[in-house]
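> Mind looking over this structure? Questions follow.
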Amino acid sequence: GELTHGARQHLTKMTLTLTNCANPYLLVLTNTSTSTSTATAIFNLKQKRTSYFVTVPPIRPSVLCSSSLSDMDATAGQSLYPLHRCKTIHLVRHAQGIHNVEGEKDYKAYLSEELFDAHLTPLGWQQVDNLRKHVHATGLSKRIDLVITSPLLRTMQTAVGVFGAEGYADGIDIPPLMVANVGNSVHPAISSLNCPPFIAVELCREHLGVHPCDKRRSISEYKPLFPAIDFSLIESDADILWKPDDREKNEELAARGMKFMNWLWTRKEKEIAVVTHSGFLLHTLSAFGNDCHPAVKSEMCTPFANCELRSLVLVDRSMTGSDSSTTNYPGKIPCGLDRPSDVADEKHPGV
């Protein structure tokens, strides 16, 4: 249904009644404002009821799409937005890990302690090498200002393998991104020479809990393996987020993903690579694109393959960011008369 503007301004909670819905499994609730900002919450309706008490989601940054479907029909789906209120994010799912192989054979394998903090397979390292060739061939490697990685072995291996420098040579007075043979691999060390900064962030981890493959090691164990990755944003040395008997719900993961997206606006960098996990990407991106053509939403939200990269534009519609433009120019320097002809026509009609 549609709410009036006055009601929508003050609404924070509502009771939703569904009619003529035989099997309501999914509810998508959208809150819009006059600035065409959109916020969407997705609720899995596990119990068949006709009324649901829900909280209206707040306005948040979004992936750039048309402001509404009606606008999209009128303007062929095109949108304009100031460049300095946008960031380009390159989202990467990690390469094949040992848990991917064992879990496809038997789902119960995800509960195995042998898959703790799963590392890449030899095939996974081949996938890393191929993506690395792609980012160099396209020039992407030269444009990225920052690499963010989930602090698990498979994501950090993927991040440094794709966006790091060539092999590390002894005698160079900078720490390597990764030392040799990390994670039961025979991969040589990877240099940090002429690379963007790498930082590890807990917010972009996979589903937390139950599966040992998604539990991280202590940060003190990681630091000697990945000397040039910055772990300073991680507050606890031990993994206090992972619980052996409590798996993070999809809705909780989606909320964490939105918190991560909002945190990106605290960064000054404009072009950022994020190396993360399938579940994190799926549930975070599903909250976006509801004002786009269905094919565009599908392009964003389809599950990622191992070592797949997708590039998106993140738009600050709510003015969360405060960066000023580096390319806009005010004009009128030196100052002079500049009244346009259409203004003159308005002031002197009929002349």
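Residues in the structure tokens are named by chain (A, B, ... in the order shown) and by number from 1 within that chain; ligands are numbered from 1 in the order shown.
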Could you produce a table of the residues of region 71-150 of chain A lying within 8 Å of region 193-204 of chain A, with the nearest pair of atoms per residue and their separation in Å rounded to one decimal, using only C-alpha atoms, ordered by chain and increasing residue number, as a Markdown table?


```
| residue | atom | partner | partner_atom | distance |
| --- | --- | --- | --- | --- |
| A:Ile144 | CA | A:Pro196 | CA | 6.9 |
| A:Asp145 | CA | A:Pro196 | CA | 5.6 |
| A:Leu146 | CA | A:Pro197 | CA | 5.3 |
| A:Val147 | CA | A:Phe198 | CA | 4.8 |
| A:Ile148 | CA | A:Ile199 | CA | 5.1 |
| A:Thr149 | CA | A:Ala200 | CA | 4.9 |
| A:Ser150 | CA | A:Cys204 | CA | 5.5 |
```

> Would you pick out the contacts of His94 (chain A) at 12 Å or less, using only C-alpha atoms, so that residues sharing its chain but fewer than 6 positions from it are not included, and give the list as number ranges by chain?

A: 100, 118-121, 124-125, 127-128, 131, 149-162, 205-206, 274-281, 304-309

> Next, dump the selected residues to file, keeping only C-alpha atoms, as a PDB file, in the first residue's frame.


```pdb
ATOM      1  CA  ASN A 100      33.604 -25.660  -0.312  1.00  0.00           C
ATOM      2  CA  ALA A 118      39.368 -23.080   5.980  1.00  0.00           C
ATOM      3  CA  HIS A 119      42.257 -22.265   3.648  1.00  0.00           C
ATOM      4  CA  LEU A 120      42.342 -22.182  -0.156  1.00  0.00           C
ATOM      5  CA  THR A 121      42.682 -25.316  -2.259  1.00  0.00           C
ATOM      6  CA  GLY A 124      41.460 -21.849  -5.385  1.00  0.00           C
ATOM      7  CA  TRP A 125      44.961 -20.453  -5.899  1.00  0.00           C
ATOM      8  CA  GLN A 127      41.285 -18.915  -9.431  1.00  0.00           C
ATOM      9  CA  VAL A 128      43.192 -16.209  -7.561  1.00  0.00           C
ATOM     10  CA  LEU A 131      41.384 -12.928 -11.219  1.00  0.00           C
ATOM     11  CA  THR A 149      39.225  -8.181   3.774  1.00  0.00           C
ATOM     12  CA  SER A 150      37.341 -10.419   6.144  1.00  0.00           C
ATOM     13  CA  PRO A 151      39.840 -11.655   8.766  1.00  0.00           C
ATOM     14  CA  LEU A 152      39.675 -15.325   7.813  1.00  0.00           C
ATOM     15  CA  LEU A 153      42.431 -17.292   6.161  1.00  0.00           C
ATOM     16  CA  ARG A 154      40.690 -17.891   2.815  1.00  0.00           C
ATOM     17  CA  THR A 155      39.654 -14.258   2.335  1.00  0.00           C
ATOM     18  CA  MET A 156      43.059 -12.848   3.258  1.00  0.00           C
ATOM     19  CA  GLN A 157      44.797 -15.329   0.950  1.00  0.00           C
ATOM     20  CA  THR A 158      42.451 -14.258  -1.849  1.00  0.00           C
ATOM     21  CA  ALA A 159      42.852 -10.541  -1.140  1.00  0.00           C
ATOM     22  CA  VAL A 160      46.648 -10.487  -1.133  1.00  0.00           C
ATOM     23  CA  GLY A 161      46.850 -12.901  -4.059  1.00  0.00           C
ATOM     24  CA  VAL A 162      44.582 -10.781  -6.258  1.00  0.00           C
ATOM     25  CA  ARG A 205      32.738 -11.904   7.915  1.00  0.00           C
ATOM     26  CA  GLU A 206      30.623 -14.904   6.920  1.00  0.00           C
ATOM     27  CA  VAL A 274      36.095  -5.827  -0.508  1.00  0.00           C
ATOM     28  CA  VAL A 275      37.046  -9.505  -0.263  1.00  0.00           C
ATOM     29  CA  THR A 276      34.406 -11.390   1.672  1.00  0.00           C
ATOM     30  CA  HIS A 277      32.037 -14.394   1.654  1.00  0.00           C
ATOM     31  CA  SER A 278      29.053 -15.756  -0.249  1.00  0.00           C
ATOM     32  CA  GLY A 279      26.518 -15.467   2.571  1.00  0.00           C
ATOM     33  CA  PHE A 280      27.601 -11.949   3.493  1.00  0.00           C
ATOM     34  CA  LEU A 281      27.306 -10.783  -0.123  1.00  0.00           C
ATOM     35  CA  PHE A 304      28.616 -15.134  -6.236  1.00  0.00           C
ATOM     36  CA  ALA A 305      30.851 -17.850  -7.650  1.00  0.00           C
ATOM     37  CA  ASN A 306      34.240 -18.476  -6.037  1.00  0.00           C
ATOM     38  CA  CYS A 307      36.623 -15.615  -6.872  1.00  0.00           C
ATOM     39  CA  GLU A 308      33.944 -13.670  -8.742  1.00  0.00           C
ATOM     40  CA  LEU A 309      34.282  -9.878  -8.833  1.00  0.00           C
TER      41      LEU A 309
END
```

> Per DSSP on the backbone, filter region 184-262 of chain A down to the residues in strand (DSSP E or B) and report them as an mmCIF file with N, CA and C atoms, in the first residue's frame.


```cif
data_model
loop_
_atom_site.group_PDB
_atom_site.id
_atom_site.type_symbol
_atom_site.label_atom_id
_atom_site.label_comp_id
_atom_site.auth_asym_id
_atom_site.auth_seq_id
_atom_site.Cartn_x
_atom_site.Cartn_y
_atom_site.Cartn_z
ATOM 1 N N ILE A 190 54.150 -12.887 -0.790
ATOM 2 C CA ILE A 190 53.576 -11.847 -1.648
ATOM 3 C C ILE A 190 53.984 -10.486 -1.104
ATOM 4 N N PHE A 198 45.874 -2.547 3.030
ATOM 5 C CA PHE A 198 44.989 -3.684 3.285
ATOM 6 C C PHE A 198 44.560 -3.611 4.750
ATOM 7 N N ILE A 199 43.242 -3.694 4.998
ATOM 8 C CA ILE A 199 42.772 -3.706 6.376
ATOM 9 C C ILE A 199 41.782 -4.854 6.562
ATOM 10 N N ALA A 200 41.821 -5.463 7.736
ATOM 11 C CA ALA A 200 40.909 -6.550 8.079
ATOM 12 C C ALA A 200 39.754 -5.985 8.899
ATOM 13 N N ILE A 229 49.062 -6.582 6.515
ATOM 14 C CA ILE A 229 47.635 -6.320 6.688
ATOM 15 C C ILE A 229 47.427 -5.615 8.030
ATOM 16 N N ASP A 230 46.613 -4.593 8.017
ATOM 17 C CA ASP A 230 46.328 -3.811 9.221
ATOM 18 C C ASP A 230 45.162 -4.453 9.979
ATOM 19 N N LYS A 243 30.074 -18.444 17.990
ATOM 20 C CA LYS A 243 29.528 -19.261 19.073
ATOM 21 C C LYS A 243 29.325 -20.687 18.560
ATOM 22 N N ASP A 246 25.279 -21.429 18.259
ATOM 23 C CA ASP A 246 24.347 -20.377 17.839
ATOM 24 C C ASP A 246 24.783 -19.830 16.489
#
```

> Would you please extract all helix (DSSP H, G or I) residues from region 147-344 of chain A, as assigned by DSSP on the backbone, and give them as a ChimeraX atom specification?

/A:153-163,202-204,212-214,219-225,250-264,278-285,294-301,341-344
